[in-house]
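*Asks:* Sharing a structure here in structure tokens format.
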Amino acid sequence: MTNTAYSRIARRLDAVRPSPTLAITARAAELKAAGIDVLSFSAGEPDFPTPEHICAAARRAIDEGFTKYTAVGGIPELRKAIATNIETRFGVRYGPAEIAVTVGAKHALFNVAYALYEPGDEIVIPAPYWVTYPEHARLAGADPVVVPTAAENRFKMRPADLERALGPRTRAVILSTPSNPTGAAYDERELAALAEVLAPTSALVVTDEIYASLTYGGFRHRSFVSVAPQMKDRVLLVDGVSKSYAMTGWRIGWVAGPRHFIEAILTVQSQATSNPTSIAQRAALEALVAPQDCVEEMRRRFEVRRDLMLEGLLAIPGVRCLAPDGAFYVFPDFSEVIAKLDPAARIGNDTELAAYFLEEARVAVVPGEAFGAPGHLRLSYATGEATIREGLDRMRKSLQKIHPAG
Ligand SMILES: Cc1ncc(COP(=O)(O)O)c(C=O)c1O
């Protein structure tokens with residue numbers, strides 16, 4: 001690039017990385033567009049179409065001319081429906097003024113960061129983490145404080161881990177449950193133990209519950225705020241319709257929290273996007289108020305795929321993998337596999353292994369390094385069962401080519 005005075009980029013972007021997961025999905029799409037048969041385990045979205053009754057509500061909105069600006073924080077009916085949804089599922093009551101509808105859950109998290117974090121603040125983020133959390137902190141000038149977790153603890157932050165990470169500069173702790181990328185989910189006891197550590201501090205608790213409807217093996221999702229209602233005045237609960245209703249492209253999420261925080265968030269939003277799309281709000285409203293069978297139907301199908309994915313991965317010698325409690329990802333440890341590969345293959349880490357799988361097996365996976373967990377790969381099972389079988393088969397065969405044992 002030419003080094004001219006006008007070509008500079010704002011310095012606040014120096015430490016911020018573009019989303020690596022979107023980059024891999026884009027690269028796989030590029031290969032596909034070139035006619036190459038790539039199977040993708042990299043996408044972070046359900047492969048199911050948005051249920052028809054939800055699409056019909058959007059069409060009705062257009063036909064009725066519901067195509068103009070709305071209130072910045074969302075139409076009152078939707079805010080009310082979100083409040084009811086939270087109360088029904090988590091047993092905690094929020095008023096419509098304590099809820100902001102945003103352009104997806106990512107936007108809700110961005111607004112939280114922009115409105116509430118300051119330079120010098122520390123944001124505690126358990127690793128493996130969703131790639132966006134540290135970048136949001138940095139965009140707001142705050143410092144991410146990454147807390148490593150271990151597979152032995154099912155990738156969950158223990159109270160002692162949290163205690164060590166807290167300090168006078170801690171502004172917020174991010175809790176993602178069920179987690180992207182590990183699928184780990186905190187149970188009631190674990191949340192209560194974390195709440196006990198946080199109670200004497202002044203840290204905010206930002207809970208990302210976008211995968212709350214997608215849990216398996218009988219696991220029951222619990223929201224931090226319902227386990228620690230006495231801390232409600234510093235919890236920001238983020239959720240949305242993207243994952244549970246297969247509505248990623250509609251861009252509707254929300255954040256519930258204390259009114260003065262929501263007002264600040266809406267000040268940011270009013271100067272950035274204004275309201276989320278009017279038509280998508282009507283669709284999200286329908287998603288929330290209509291019978292919830294479609295959610296359960298998709299959840300059941302994800303559970304079957306999860307089991308299939310796990311079985312196939314564990315059949316690859318050297319792979320270790322926990323059974324996730326929720327979301328639609330598995331996060332296998334490939335470090336033992338990498339260590340035993342033929343040195344001539346020049347694959348020394350998860351990023352090189354992911355590149356090998358894309359080029360050799362035509363399978364797209366995301367390297368764990370992107371989530372702060374080198375040696376791992378993230379595979380999404382939000383894809384058909386035939387793809388899961390075939391993709392794992394290709395991965396296994398491509399590894400045999402570079403395994404000294406053959
Ligand atoms: C943990 C987590 N939170 C939030 C989001 C973003 O959701 P949305 O598409 O509603 O912005 C994602 C999407 O991948 C995610 O994995």
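Just remember, in the structure tokens the first chain shown is A, the second B, etc., residues are 1-based per chain, and ligands are 1-based in the order shown.
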With ligand 1 as the partner and 9 Å as the cut-off, tabulate the residues of chain A that qualify, each row holding the nearest pair of atoms and their distance in Å to one decimal, using only C-alpha atoms and all ligand atoms, sorted by chain and rising number, as a tab-separated table.
*Replies:*
residue	atom	partner	partner_atom_place_in_ligand_line	distance
A:Thr21	CA	ligand 1	14 (O)	8.9
A:Ala43	CA	ligand 1	14 (O)	8.5
A:Gly44	CA	ligand 1	14 (O)	5.1
A:Glu45	CA	ligand 1	14 (O)	7.0
A:Thr102	CA	ligand 1	10 (O)	8.7
A:Val103	CA	ligand 1	11 (O)	7.0
A:Gly104	CA	ligand 1	10 (O)	3.5
A:Ala105	CA	ligand 1	10 (O)	3.7
A:Lys106	CA	ligand 1	11 (O)	3.7
A:His107	CA	ligand 1	11 (O)	6.0
A:Ala108	CA	ligand 1	11 (O)	7.7
A:Leu109	CA	ligand 1	4 (C)	7.8
A:Tyr129	CA	ligand 1	1 (C)	8.1
A:Trp130	CA	ligand 1	1 (C)	5.5
A:Val131	CA	ligand 1	16 (O)	8.5
A:Thr132	CA	ligand 1	3 (N)	8.1
A:Tyr133	CA	ligand 1	3 (N)	8.7
A:Ser176	CA	ligand 1	1 (C)	6.1
A:Thr177	CA	ligand 1	1 (C)	7.9
A:Pro178	CA	ligand 1	1 (C)	7.9
A:Ser179	CA	ligand 1	1 (C)	6.0
A:Asn180	CA	ligand 1	1 (C)	4.8
A:Pro181	CA	ligand 1	16 (O)	7.4
A:Asp208	CA	ligand 1	3 (N)	5.8
A:Glu209	CA	ligand 1	3 (N)	7.3
A:Ile210	CA	ligand 1	3 (N)	5.7
A:Tyr211	CA	ligand 1	1 (C)	7.2
A:Val238	CA	ligand 1	4 (C)	8.1
A:Asp239	CA	ligand 1	10 (O)	7.3
A:Gly240	CA	ligand 1	10 (O)	5.4
A:Val241	CA	ligand 1	10 (O)	6.6
A:Ser242	CA	ligand 1	10 (O)	4.7
A:Lys243	CA	ligand 1	10 (O)	7.2
A:Met247	CA	ligand 1	9 (O)	8.1
A:Thr248	CA	ligand 1	9 (O)	5.0
A:Gly249	CA	ligand 1	9 (O)	7.5
A:Trp250	CA	ligand 1	9 (O)	8.5
A:Arg251	CA	ligand 1	10 (O)	5.9
A:Ile252	CA	ligand 1	10 (O)	6.1
A:Gly253	CA	ligand 1	10 (O)	5.2
A:Trp254	CA	ligand 1	10 (O)	8.4
A:Ala327	CA	ligand 1	16 (O)	8.3
*Asks:* Excluding Ala354 of chain A and any residue of its chain fewer than 2 positions from it, enumerate the residues within 10 Å of it, using only C-alpha atoms, and give them as a VMD selection string.
*Replies:* chain A and resid 24 347 349 to 352 356 to 361 363 to 368 376 to 378
*Asks:* Any chance you could list, as a PyMOL selection string, the residues in segment 73-207 of chain A that come up helix (DSSP H, G or I) when DSSP is run on the backbone?
*Replies:* chain A and resi 76-90+96-98+105-116+132-139+151-153+159-165+188-198
*Asks:* From the set A:Ala151, A:Ala26, A:Leu399, A:Met231, which residue has the shortest atom-to-atom contact distance to Phe331 of chain A, counting only C-alpha atoms?
*Replies:*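 Among the listed residues, the smallest separation from Phe331 of chain A belongs to A:Ala151.
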*Asks:* Determine, counting only C-alpha atoms, which protein, DNA and RNA residues have an atom within 7 Å of an atom of Pro144 of chain A; residues of the same chain fewer than 2 positions away are not included. Present the result as a ChimeraX atom specification.
*Replies:* /A:122-125,134,137,142,146
*Asks:* Those same residues, written as a PDB file, in the first residue's frame with N, CA and C atoms?
*Replies:*
ATOM      1  N   GLU A 122      -9.990  -3.900  32.597  1.00  0.00           N
ATOM      2  CA  GLU A 122      -9.663  -5.282  32.232  1.00  0.00           C
ATOM      3  C   GLU A 122     -10.943  -6.099  32.080  1.00  0.00           C
ATOM      4  N   ILE A 123     -10.963  -6.888  31.031  1.00  0.00           N
ATOM      5  CA  ILE A 123     -12.127  -7.732  30.748  1.00  0.00           C
ATOM      6  C   ILE A 123     -11.677  -9.185  30.863  1.00  0.00           C
ATOM      7  N   VAL A 124     -12.238  -9.904  31.809  1.00  0.00           N
ATOM      8  CA  VAL A 124     -11.827 -11.287  32.055  1.00  0.00           C
ATOM      9  C   VAL A 124     -12.563 -12.219  31.088  1.00  0.00           C
ATOM     10  N   ILE A 125     -11.769 -12.993  30.349  1.00  0.00           N
ATOM     11  CA  ILE A 125     -12.331 -13.865  29.309  1.00  0.00           C
ATOM     12  C   ILE A 125     -11.757 -15.274  29.456  1.00  0.00           C
ATOM     13  N   PRO A 134     -12.217 -10.845  22.894  1.00  0.00           N
ATOM     14  CA  PRO A 134     -11.026  -9.997  23.126  1.00  0.00           C
ATOM     15  C   PRO A 134     -10.974  -8.809  22.181  1.00  0.00           C
ATOM     16  N   ALA A 137     -13.134  -5.993  23.427  1.00  0.00           N
ATOM     17  CA  ALA A 137     -12.465  -5.308  24.544  1.00  0.00           C
ATOM     18  C   ALA A 137     -11.431  -4.341  23.974  1.00  0.00           C
ATOM     19  N   ALA A 142      -9.986  -1.386  26.120  1.00  0.00           N
ATOM     20  CA  ALA A 142      -9.769  -2.155  27.352  1.00  0.00           C
ATOM     21  C   ALA A 142      -8.811  -3.320  27.080  1.00  0.00           C
ATOM     22  N   VAL A 146      -7.039 -13.067  29.701  1.00  0.00           N
ATOM     23  CA  VAL A 146      -7.469 -14.405  29.307  1.00  0.00           C
ATOM     24  C   VAL A 146      -7.189 -15.394  30.427  1.00  0.00           C
TER      25      VAL A 146
END
*Asks:* Tell me which of A:Pro404, A:Gly312, A:Pro332, A:Pro276 sits closest to Ala344 of chain A, counting only C-alpha atoms.
*Replies:* A:Pro404
*Asks:* For the interface of segment 52-151 of chain A with segment 285-295 of chain A (cut-off 8 Å, counting only C-alpha atoms), please tabulate each contacting residue of segment 52-151 of chain A alongside its nearest pair of atoms and their separation in Å to one decimal, rows sorted by chain and increasing number, as CSV.
*Replies:*
residue,atom,partner,partner_atom,distance
A:His53,CA,A:Glu286,CA,7.5
A:Ile54,CA,A:Glu286,CA,5.7
A:Ala57,CA,A:Glu286,CA,6.4
A:Glu77,CA,A:Leu285,CA,7.4
A:Leu78,CA,A:Leu285,CA,5.2
A:Ala81,CA,A:Leu288,CA,6.5
A:Ile82,CA,A:Leu288,CA,7.3
A:Asn85,CA,A:Leu288,CA,7.0
